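Structure, as structure tokens:
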Amino acid sequence: MKIMDITPYYHSYSGGIRTYIDKKVEWVFEMEWEQVVVVPGKVYKKYQVKRTTFYELPSFPLIGGYRFFKSLEDIKEVIRLEKPDLLEFSGTYLPIPFFKKEGVPISVFYHSDAKRELSLFPVPKKLLEGLFKLVVDKCLRAVEFILVPSLKYKRELESLGLENVHYVPLGVDTQTFHPSKRDDQFRHSLGIQDNKLLLLYVGRLSPEKGTNTLIKLLKGLDPSMFHMLIVGKGPLEFLVRAHQRKLSNLTYMPYINSKEQLAKVYASGDIFVSASMFETFGLAFLEAQSSGLPVCAFDLDLETQILKDILAPKEDVETLTESIYKASELIRHDNYLRDYLHKKVKENFSWELTFKSLLKAYESKGLIISVGR
């Protein structure tokens, strides 16, 4: 079995998609299969990681550190050279019709919410509806099967008449992301007193992630009670840096590459806060809860939001503020909360389950064949 993964969302500051691809590299190695990963790069580059061949193809820069392929013909050349048994597109959909003539089965991992992401563009509603219909009819209907990381999106896509939608939840390394990684010295280095609660956000700094809302939220909180640490990169990084100079209870840290360092940051917090308008899975929610932090966010109807009672039912600053105060009370009165959250994540989300589900999806299409074709 040879799988070719194609995604533009794989670079130094990537989140969930890169984590999935990296874990898949390990899984393919254990399965003794072959894998090819095609991603954008500044120049052409080919290299090997275990059983996986990476191709970085020439691309042009986009906002926030992302890039996109200069030519889809470059990808077709890799397909013809490598002769994969399956193409899997992660988080990108519009290029799919260009590869149907290659005669290779295609799957897509619905990492990106096409409908809600399109709604962010300042164009007429009719045009947005037309673009989404194009994605559904010409791209998603054209593939052999669709992988979704949450049941919400399985329901949504099936309601559009799409078939062969398979639920493949992502996982988290619960040994790395663990409450025991808490480091009070780290908190003190930020000027966090023991009687203060540390609010934490880790992720992309962009409009759809609610970066503006996080700043507004913090301005309304008592600085003697709360301190917020924002970790990440993105187009709104300048906004966070500017407010850090004005707000005594705001600290900014850039993207953290080290999983061990990130685990320490998570576990050293008290409450994970997100103002994201939509998530297809919420990997940061899992990492935070595995580290023992309750998640205060808008209710996105996701399995990764474990404590439903502290979610904000409306997408505004006021209800999110109420969510934080609820979580604050919960922390004060429940000494076992951190261990409970870690246990729930460990029981329900693992990379082992991810790849069992993925294997089941492949088998349903008769795609399990031996290495070397």
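Every chain in the structure tokens has a letter given in the order shown (A, B, ...), and although residue numbers restart at 1 in each chain, ligands are simply numbered from 1 in the order shown.
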Select from stretch 104-169 of chain A every residue with an atom at most 7 Å from any atom of stretch 82-100 of chain A, then for each give the shortest pair of atoms and their distance in Å to one decimal, using only C-alpha atoms, rows by chain and rising number, as a tab-separated table.
```
residue	atom	partner	partner_atom	distance
A:Val104	CA	A:Leu86	CA	6.0
A:Pro105	CA	A:Leu86	CA	5.1
A:Ile106	CA	A:Leu87	CA	4.7
A:Ser107	CA	A:Glu88	CA	4.8
A:Val108	CA	A:Phe89	CA	4.6
A:Phe109	CA	A:Ser90	CA	4.8
A:Tyr110	CA	A:Gly91	CA	5.7
A:His111	CA	A:Gly91	CA	4.6
A:Ser112	CA	A:Gly91	CA	4.9
A:Val135	CA	A:Leu94	CA	6.4
A:Lys138	CA	A:Pro97	CA	6.8
A:Cys139	CA	A:Ile96	CA	5.7
```
Quick one: write out the picked residues with C-alpha atoms as a PDB file, in the first residue's frame?
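Result saved to result.pdb:
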```pdb
ATOM      1  CA  VAL A 104      -5.872   7.083  -8.668  1.00  0.00           C
ATOM      2  CA  PRO A 105      -8.538   6.768  -5.922  1.00  0.00           C
ATOM      3  CA  ILE A 106      -8.893  10.017  -3.957  1.00  0.00           C
ATOM      4  CA  SER A 107      -9.877  10.655  -0.362  1.00  0.00           C
ATOM      5  CA  VAL A 108     -10.090  13.960   1.450  1.00  0.00           C
ATOM      6  CA  PHE A 109      -9.608  14.686   5.140  1.00  0.00           C
ATOM      7  CA  TYR A 110     -12.057  17.457   6.003  1.00  0.00           C
ATOM      8  CA  HIS A 111      -9.706  19.342   8.315  1.00  0.00           C
ATOM      9  CA  SER A 112     -10.964  22.754   7.132  1.00  0.00           C
ATOM     10  CA  VAL A 135     -16.684  22.759  -3.350  1.00  0.00           C
ATOM     11  CA  LYS A 138     -17.187  19.385  -7.964  1.00  0.00           C
ATOM     12  CA  CYS A 139     -14.713  18.487  -5.233  1.00  0.00           C
TER      13      CYS A 139
END
```
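Excluding A:Glu129 itself and any same-chain residue fewer than 5 positions from it, the protein and nucleic acid residues within 10 Å of it, counting only C-alpha atoms, are Lys115, Leu118, Ser119, Pro124, Leu134 and Val135 of chain A.
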Point out the residue among A:Glu77, A:Asp222, A:Asp113, A:Asp270 with the least atom-to-atom distance to A:Glu329, counting only C-alpha atoms. A:Asp270
So that I can check the surroundings of stretch 183-199 of chain A, please list as a list in words every protein, DNA and RNA residue that reaches within 6 Å of it, counting only C-alpha atoms and ignoring chain neighbours fewer than 3 positions away.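 Near neighbours after the sequence-gap exclusion: Met225, Phe226, His227, Met228, Ser268, Gly269, Asp270, Ile271 and Phe272 of chain A.
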Each residue of stretch 167-285 of chain A with at least one atom at most 10 Å from stretch 293-317 of chain A should appear once, together with its nearest atom pair and the corresponding distance in Å (one decimal); atoms considered: only C-alpha atoms; ordering: chain, then increasing residue number; output as a Markdown table.
```
| residue | atom | partner | partner_atom | distance |
| --- | --- | --- | --- | --- |
| A:Pro169 | CA | A:Glu303 | CA | 9.1 |
| A:Leu170 | CA | A:Thr304 | CA | 9.8 |
| A:His178 | CA | A:Leu293 | CA | 10.0 |
| A:Pro179 | CA | A:Leu293 | CA | 8.3 |
| A:Leu199 | CA | A:Leu293 | CA | 9.6 |
| A:Leu200 | CA | A:Leu293 | CA | 9.1 |
| A:Tyr201 | CA | A:Val295 | CA | 9.9 |
| A:Gly210 | CA | A:Glu315 | CA | 10.0 |
| A:Thr213 | CA | A:Val317 | CA | 6.5 |
| A:Leu214 | CA | A:Val317 | CA | 8.2 |
| A:Ile215 | CA | A:Val317 | CA | 9.8 |
| A:Lys216 | CA | A:Val317 | CA | 7.2 |
| A:Leu217 | CA | A:Val317 | CA | 5.8 |
| A:Leu218 | CA | A:Val317 | CA | 9.5 |
| A:Gly220 | CA | A:Val317 | CA | 9.0 |
| A:Tyr266 | CA | A:Leu293 | CA | 7.6 |
| A:Ala267 | CA | A:Leu293 | CA | 7.2 |
| A:Ser268 | CA | A:Leu293 | CA | 9.1 |
| A:Gly269 | CA | A:Leu293 | CA | 7.0 |
| A:Asp270 | CA | A:Leu293 | CA | 5.7 |
| A:Ile271 | CA | A:Leu293 | CA | 5.2 |
| A:Phe272 | CA | A:Val295 | CA | 4.8 |
| A:Val273 | CA | A:Cys296 | CA | 4.9 |
| A:Ser274 | CA | A:Ala297 | CA | 4.9 |
| A:Ala275 | CA | A:Ala297 | CA | 5.8 |
| A:Ser276 | CA | A:Phe298 | CA | 7.3 |
| A:Met277 | CA | A:Phe298 | CA | 7.3 |
| A:Phe278 | CA | A:Leu300 | CA | 6.5 |
| A:Glu279 | CA | A:Leu300 | CA | 7.2 |
| A:Thr280 | CA | A:Leu302 | CA | 8.0 |
| A:Phe281 | CA | A:Leu302 | CA | 6.8 |
| A:Gly282 | CA | A:Thr304 | CA | 6.3 |
| A:Leu283 | CA | A:Thr304 | CA | 7.7 |
| A:Ala284 | CA | A:Thr304 | CA | 9.1 |
| A:Phe285 | CA | A:Thr304 | CA | 6.3 |
```
For the residues in that selection, give me C-alpha atoms as a PDB file, in the first residue's frame.
```
ATOM      1  CA  PRO A 169     -11.064  11.484  15.337  1.00  0.00           C
ATOM      2  CA  LEU A 170      -7.533  12.724  15.940  1.00  0.00           C
ATOM      3  CA  HIS A 178       0.038  15.493  31.409  1.00  0.00           C
ATOM      4  CA  PRO A 179      -0.889  17.463  34.574  1.00  0.00           C
ATOM      5  CA  LEU A 199      -5.673  31.885  31.360  1.00  0.00           C
ATOM      6  CA  LEU A 200      -4.009  30.243  28.386  1.00  0.00           C
ATOM      7  CA  TYR A 201      -4.589  30.339  24.632  1.00  0.00           C
ATOM      8  CA  GLY A 210     -11.218  35.173  17.711  1.00  0.00           C
ATOM      9  CA  THR A 213     -12.361  38.739  21.169  1.00  0.00           C
ATOM     10  CA  LEU A 214      -9.647  37.352  23.476  1.00  0.00           C
ATOM     11  CA  ILE A 215      -8.191  40.856  23.898  1.00  0.00           C
ATOM     12  CA  LYS A 216     -11.637  42.356  24.587  1.00  0.00           C
ATOM     13  CA  LEU A 217     -12.298  39.576  27.081  1.00  0.00           C
ATOM     14  CA  LEU A 218      -9.090  40.226  28.997  1.00  0.00           C
ATOM     15  CA  GLY A 220     -12.979  43.192  31.121  1.00  0.00           C
ATOM     16  CA  TYR A 266      -0.227  23.905  29.151  1.00  0.00           C
ATOM     17  CA  ALA A 267       0.082  22.180  32.527  1.00  0.00           C
ATOM     18  CA  SER A 268       1.234  25.398  34.208  1.00  0.00           C
ATOM     19  CA  GLY A 269      -1.992  27.167  33.243  1.00  0.00           C
ATOM     20  CA  ASP A 270      -5.362  27.040  35.003  1.00  0.00           C
ATOM     21  CA  ILE A 271      -7.973  27.579  32.270  1.00  0.00           C
ATOM     22  CA  PHE A 272      -7.693  27.233  28.502  1.00  0.00           C
ATOM     23  CA  VAL A 273      -9.615  29.991  26.741  1.00  0.00           C
ATOM     24  CA  SER A 274     -10.610  30.053  23.078  1.00  0.00           C
ATOM     25  CA  ALA A 275     -12.793  32.506  21.163  1.00  0.00           C
ATOM     26  CA  SER A 276     -12.605  30.516  17.921  1.00  0.00           C
ATOM     27  CA  MET A 277     -15.729  30.780  15.774  1.00  0.00           C
ATOM     28  CA  PHE A 278     -15.339  27.259  14.415  1.00  0.00           C
ATOM     29  CA  GLU A 279     -13.099  24.207  14.708  1.00  0.00           C
ATOM     30  CA  THR A 280     -13.379  20.909  12.869  1.00  0.00           C
ATOM     31  CA  PHE A 281     -11.795  19.062  15.786  1.00  0.00           C
ATOM     32  CA  GLY A 282     -10.004  21.243  18.353  1.00  0.00           C
ATOM     33  CA  LEU A 283      -6.650  19.540  18.909  1.00  0.00           C
ATOM     34  CA  ALA A 284      -5.557  22.342  21.266  1.00  0.00           C
ATOM     35  CA  PHE A 285      -8.672  21.635  23.374  1.00  0.00           C
TER      36      PHE A 285
END
```
Could you pull out all residues of stretch 99-255 of chain A with a DSSP call of strand (DSSP E) and give them as a ChimeraX atom specification? /A:106-109,145-148,165-167,197-202,226-231,250-253
Give me the residues near A:Lys2 as a VMD selection string, where near means some atom within 12 Å (using only C-alpha atoms) and where sequence neighbours in that chain fewer than 5 positions away do not count. chain A and resid 25 28 to 29 31 to 37 51 to 53 79 82 to 88 104 to 105 362 367 to 373
Could you save those same residues with N, CA and C atoms as a PDB file, in the first residue's frame?
```pdb
ATOM      1  N   VAL A  25       3.220   9.330   9.511  1.00  0.00           N
ATOM      2  CA  VAL A  25       4.541   8.852   9.093  1.00  0.00           C
ATOM      3  C   VAL A  25       4.971   7.691   9.993  1.00  0.00           C
ATOM      4  N   VAL A  28       2.651   4.556   9.224  1.00  0.00           N
ATOM      5  CA  VAL A  28       3.014   3.916   7.947  1.00  0.00           C
ATOM      6  C   VAL A  28       4.262   3.063   8.120  1.00  0.00           C
ATOM      7  N   PHE A  29       5.214   3.572   8.896  1.00  0.00           N
ATOM      8  CA  PHE A  29       6.448   2.822   9.153  1.00  0.00           C
ATOM      9  C   PHE A  29       6.136   1.508   9.876  1.00  0.00           C
ATOM     10  N   MET A  31       3.287  -0.085   9.854  1.00  0.00           N
ATOM     11  CA  MET A  31       2.480  -0.928   8.973  1.00  0.00           C
ATOM     12  C   MET A  31       3.312  -1.541   7.843  1.00  0.00           C
ATOM     13  N   GLU A  32       4.543  -1.069   7.699  1.00  0.00           N
ATOM     14  CA  GLU A  32       5.428  -1.489   6.610  1.00  0.00           C
ATOM     15  C   GLU A  32       4.806  -1.182   5.244  1.00  0.00           C
ATOM     16  N   TRP A  33       4.125  -0.040   5.179  1.00  0.00           N
ATOM     17  CA  TRP A  33       3.605   0.476   3.912  1.00  0.00           C
ATOM     18  C   TRP A  33       4.594   1.506   3.376  1.00  0.00           C
ATOM     19  N   GLU A  34       4.172   2.196   2.339  1.00  0.00           N
ATOM     20  CA  GLU A  34       4.951   3.311   1.793  1.00  0.00           C
ATOM     21  C   GLU A  34       4.074   4.553   1.803  1.00  0.00           C
ATOM     22  N   GLN A  35       4.731   5.700   1.909  1.00  0.00           N
ATOM     23  CA  GLN A  35       4.000   6.964   1.932  1.00  0.00           C
ATOM     24  C   GLN A  35       4.806   8.027   1.198  1.00  0.00           C
ATOM     25  N   VAL A  36       4.078   8.908   0.548  1.00  0.00           N
ATOM     26  CA  VAL A  36       4.662  10.094  -0.075  1.00  0.00           C
ATOM     27  C   VAL A  36       3.897  11.292   0.469  1.00  0.00           C
ATOM     28  N   VAL A  37       4.600  12.331   0.895  1.00  0.00           N
ATOM     29  CA  VAL A  37       3.957  13.552   1.383  1.00  0.00           C
ATOM     30  C   VAL A  37       4.389  14.704   0.480  1.00  0.00           C
ATOM     31  N   ARG A  51       9.814   5.479   6.296  1.00  0.00           N
ATOM     32  CA  ARG A  51       9.360   4.929   5.014  1.00  0.00           C
ATOM     33  C   ARG A  51       8.705   5.988   4.134  1.00  0.00           C
ATOM     34  N   THR A  52       8.751   7.215   4.556  1.00  0.00           N
ATOM     35  CA  THR A  52       8.030   8.290   3.873  1.00  0.00           C
ATOM     36  C   THR A  52       8.970   9.170   3.064  1.00  0.00           C
ATOM     37  N   THR A  53       8.580   9.409   1.818  1.00  0.00           N
ATOM     38  CA  THR A  53       9.314  10.332   0.953  1.00  0.00           C
ATOM     39  C   THR A  53       8.589  11.666   0.930  1.00  0.00           C
ATOM     40  N   ILE A  79       2.916  12.225  -8.831  1.00  0.00           N
ATOM     41  CA  ILE A  79       1.966  11.103  -8.892  1.00  0.00           C
ATOM     42  C   ILE A  79       2.413  10.084  -9.931  1.00  0.00           C
ATOM     43  N   GLU A  82       5.644   8.299  -8.605  1.00  0.00           N
ATOM     44  CA  GLU A  82       5.516   7.459  -7.414  1.00  0.00           C
ATOM     45  C   GLU A  82       4.446   6.371  -7.549  1.00  0.00           C
ATOM     46  N   LYS A  83       3.458   6.589  -8.427  1.00  0.00           N
ATOM     47  CA  LYS A  83       2.382   5.605  -8.653  1.00  0.00           C
ATOM     48  C   LYS A  83       1.711   5.154  -7.340  1.00  0.00           C
ATOM     49  N   PRO A  84       1.107   6.091  -6.598  1.00  0.00           N
ATOM     50  CA  PRO A  84       0.462   5.722  -5.337  1.00  0.00           C
ATOM     51  C   PRO A  84      -0.840   4.945  -5.558  1.00  0.00           C
ATOM     52  N   ASP A  85      -1.278   4.256  -4.511  1.00  0.00           N
ATOM     53  CA  ASP A  85      -2.554   3.549  -4.543  1.00  0.00           C
ATOM     54  C   ASP A  85      -3.708   4.447  -4.102  1.00  0.00           C
ATOM     55  N   LEU A  86      -3.371   5.540  -3.422  1.00  0.00           N
ATOM     56  CA  LEU A  86      -4.396   6.444  -2.914  1.00  0.00           C
ATOM     57  C   LEU A  86      -3.814   7.845  -2.774  1.00  0.00           C
ATOM     58  N   LEU A  87      -4.596   8.850  -3.194  1.00  0.00           N
ATOM     59  CA  LEU A  87      -4.269  10.251  -2.923  1.00  0.00           C
ATOM     60  C   LEU A  87      -5.152  10.722  -1.773  1.00  0.00           C
ATOM     61  N   GLU A  88      -4.550  11.351  -0.769  1.00  0.00           N
ATOM     62  CA  GLU A  88      -5.349  11.917   0.325  1.00  0.00           C
ATOM     63  C   GLU A  88      -5.038  13.403   0.450  1.00  0.00           C
ATOM     64  N   VAL A 104      -6.209   7.572 -10.004  1.00  0.00           N
ATOM     65  CA  VAL A 104      -5.872   7.083  -8.668  1.00  0.00           C
ATOM     66  C   VAL A 104      -7.030   7.406  -7.730  1.00  0.00           C
ATOM     67  N   PRO A 105      -7.480   6.469  -6.890  1.00  0.00           N
ATOM     68  CA  PRO A 105      -8.538   6.768  -5.922  1.00  0.00           C
ATOM     69  C   PRO A 105      -8.155   7.966  -5.047  1.00  0.00           C
ATOM     70  N   TYR A 362     -10.102   2.751   4.908  1.00  0.00           N
ATOM     71  CA  TYR A 362      -9.388   2.224   3.742  1.00  0.00           C
ATOM     72  C   TYR A 362      -9.940   0.857   3.345  1.00  0.00           C
ATOM     73  N   LEU A 367      -8.937  -0.931  -0.260  1.00  0.00           N
ATOM     74  CA  LEU A 367      -7.647  -0.310  -0.604  1.00  0.00           C
ATOM     75  C   LEU A 367      -6.451  -0.931   0.090  1.00  0.00           C
ATOM     76  N   ILE A 368      -6.657  -1.929   0.924  1.00  0.00           N
ATOM     77  CA  ILE A 368      -5.522  -2.530   1.641  1.00  0.00           C
ATOM     78  C   ILE A 368      -4.856  -3.565   0.754  1.00  0.00           C
ATOM     79  N   ILE A 369      -3.716  -3.179   0.211  1.00  0.00           N
ATOM     80  CA  ILE A 369      -2.938  -4.075  -0.635  1.00  0.00           C
ATOM     81  C   ILE A 369      -1.493  -4.037  -0.193  1.00  0.00           C
ATOM     82  N   SER A 370      -0.728  -4.978  -0.605  1.00  0.00           N
ATOM     83  CA  SER A 370       0.614  -5.145  -0.073  1.00  0.00           C
ATOM     84  C   SER A 370       1.578  -4.063  -0.563  1.00  0.00           C
ATOM     85  N   VAL A 371       2.651  -3.898   0.201  1.00  0.00           N
ATOM     86  CA  VAL A 371       3.713  -2.968  -0.199  1.00  0.00           C
ATOM     87  C   VAL A 371       4.293  -3.426  -1.532  1.00  0.00           C
ATOM     88  N   GLY A 372       4.623  -2.464  -2.344  1.00  0.00           N
ATOM     89  CA  GLY A 372       5.201  -2.808  -3.649  1.00  0.00           C
ATOM     90  C   GLY A 372       4.136  -3.132  -4.685  1.00  0.00           C
ATOM     91  N   ARG A 373       2.850  -2.865  -4.304  1.00  0.00           N
ATOM     92  CA  ARG A 373       1.726  -3.003  -5.214  1.00  0.00           C
ATOM     93  C   ARG A 373       1.510  -4.444  -5.611  1.00  0.00           C
TER      94      ARG A 373
END
```
Which one of A:Leu262, A:Val49, A:Leu140, A:Ile256 sits closest to A:Ser12 if you count only C-alpha atoms?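 Checking each candidate against A:Ser12, we get A:Ile256 as the closest.
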Near stretch 59-62 of chain A, counting only C-alpha atoms, which residues have an atom at most 9 Å away, once you skip same-chain residues fewer than 4 positions from it, shown as a PyMOL selection string? chain A and resi 40-43+66-71
One number please: atom CA of A:Val265 to atom CA of A:Arg338, in Å, one decimal. 14.7 Å
Give me the stretch 209-328 of chain A side of the contact with stretch 342-354 of chain A, cut-off 9 Å, one line per residue showing its nearest atom pair and distance in Å at one decimal, counting only C-alpha atoms, sorted by chain and residue number, as CSV.
```
residue,atom,partner,partner_atom,distance
A:Leu286,CA,A:Val345,CA,6.8
A:Glu287,CA,A:Val345,CA,8.7
A:Ala288,CA,A:His342,CA,9.0
A:Gln289,CA,A:His342,CA,6.0
A:Ser290,CA,A:His342,CA,4.2
A:Ser291,CA,A:His342,CA,6.3
A:Gly292,CA,A:His342,CA,5.6
A:Leu293,CA,A:His342,CA,8.6
A:Thr304,CA,A:Val345,CA,8.3
A:Ile306,CA,A:Lys344,CA,8.0
```
Dump of N, CA, C and O atoms for the selected residues, as an mmCIF file, in the first residue's frame:
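Below you can see out.cif, which holds the result:
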```
data_model
loop_
_atom_site.group_PDB
_atom_site.id
_atom_site.type_symbol
_atom_site.label_atom_id
_atom_site.label_comp_id
_atom_site.auth_asym_id
_atom_site.auth_seq_id
_atom_site.Cartn_x
_atom_site.Cartn_y
_atom_site.Cartn_z
ATOM 1 N N LEU A 286 -7.895 19.352 23.236
ATOM 2 C CA LEU A 286 -7.475 18.057 23.784
ATOM 3 C C LEU A 286 -6.156 18.170 24.532
ATOM 4 O O LEU A 286 -5.993 17.609 25.612
ATOM 5 N N GLU A 287 -5.187 18.865 23.941
ATOM 6 C CA GLU A 287 -3.880 19.014 24.584
ATOM 7 C C GLU A 287 -4.035 19.711 25.935
ATOM 8 O O GLU A 287 -3.395 19.325 26.918
ATOM 9 N N ALA A 288 -4.900 20.732 25.979
ATOM 10 C CA ALA A 288 -5.119 21.463 27.228
ATOM 11 C C ALA A 288 -5.771 20.569 28.277
ATOM 12 O O ALA A 288 -5.335 20.523 29.435
ATOM 13 N N GLN A 289 -6.828 19.846 27.889
ATOM 14 C CA GLN A 289 -7.546 19.006 28.844
ATOM 15 C C GLN A 289 -6.707 17.815 29.288
ATOM 16 O O GLN A 289 -6.762 17.395 30.441
ATOM 17 N N SER A 290 -5.886 17.278 28.382
ATOM 18 C CA SER A 290 -4.974 16.212 28.761
ATOM 19 C C SER A 290 -3.964 16.713 29.788
ATOM 20 O O SER A 290 -3.485 15.953 30.632
ATOM 21 N N SER A 291 -3.679 18.018 29.736
ATOM 22 C CA SER A 291 -2.759 18.647 30.694
ATOM 23 C C SER A 291 -3.469 19.078 31.972
ATOM 24 O O SER A 291 -2.831 19.611 32.878
ATOM 25 N N GLY A 292 -4.800 18.871 32.027
ATOM 26 C CA GLY A 292 -5.554 19.155 33.246
ATOM 27 C C GLY A 292 -6.338 20.447 33.258
ATOM 28 O O GLY A 292 -6.914 20.814 34.281
ATOM 29 N N LEU A 293 -6.390 21.160 32.126
ATOM 30 C CA LEU A 293 -7.071 22.458 32.091
ATOM 31 C C LEU A 293 -8.498 22.333 31.556
ATOM 32 O O LEU A 293 -8.714 21.730 30.502
ATOM 33 N N THR A 304 -14.458 17.089 21.565
ATOM 34 C CA THR A 304 -13.254 17.516 22.287
ATOM 35 C C THR A 304 -13.552 18.562 23.356
ATOM 36 O O THR A 304 -12.660 18.929 24.119
ATOM 37 N N ILE A 306 -15.091 18.693 26.543
ATOM 38 C CA ILE A 306 -15.544 17.674 27.495
ATOM 39 C C ILE A 306 -16.525 18.227 28.526
ATOM 40 O O ILE A 306 -17.563 17.613 28.796
#
```
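Reported to one decimal place, the separation of atom CA of A:His166 from atom CA of A:Tyr20 is 16.1 Å.
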Kindly give the distance, in Å, that separates atom CA of A:Ile230 and atom CA of A:Val202, rounded to a single decimal.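 Atom-to-atom, atom CA of A:Ile230 and atom CA of A:Val202 are spaced 6.1 Å apart.
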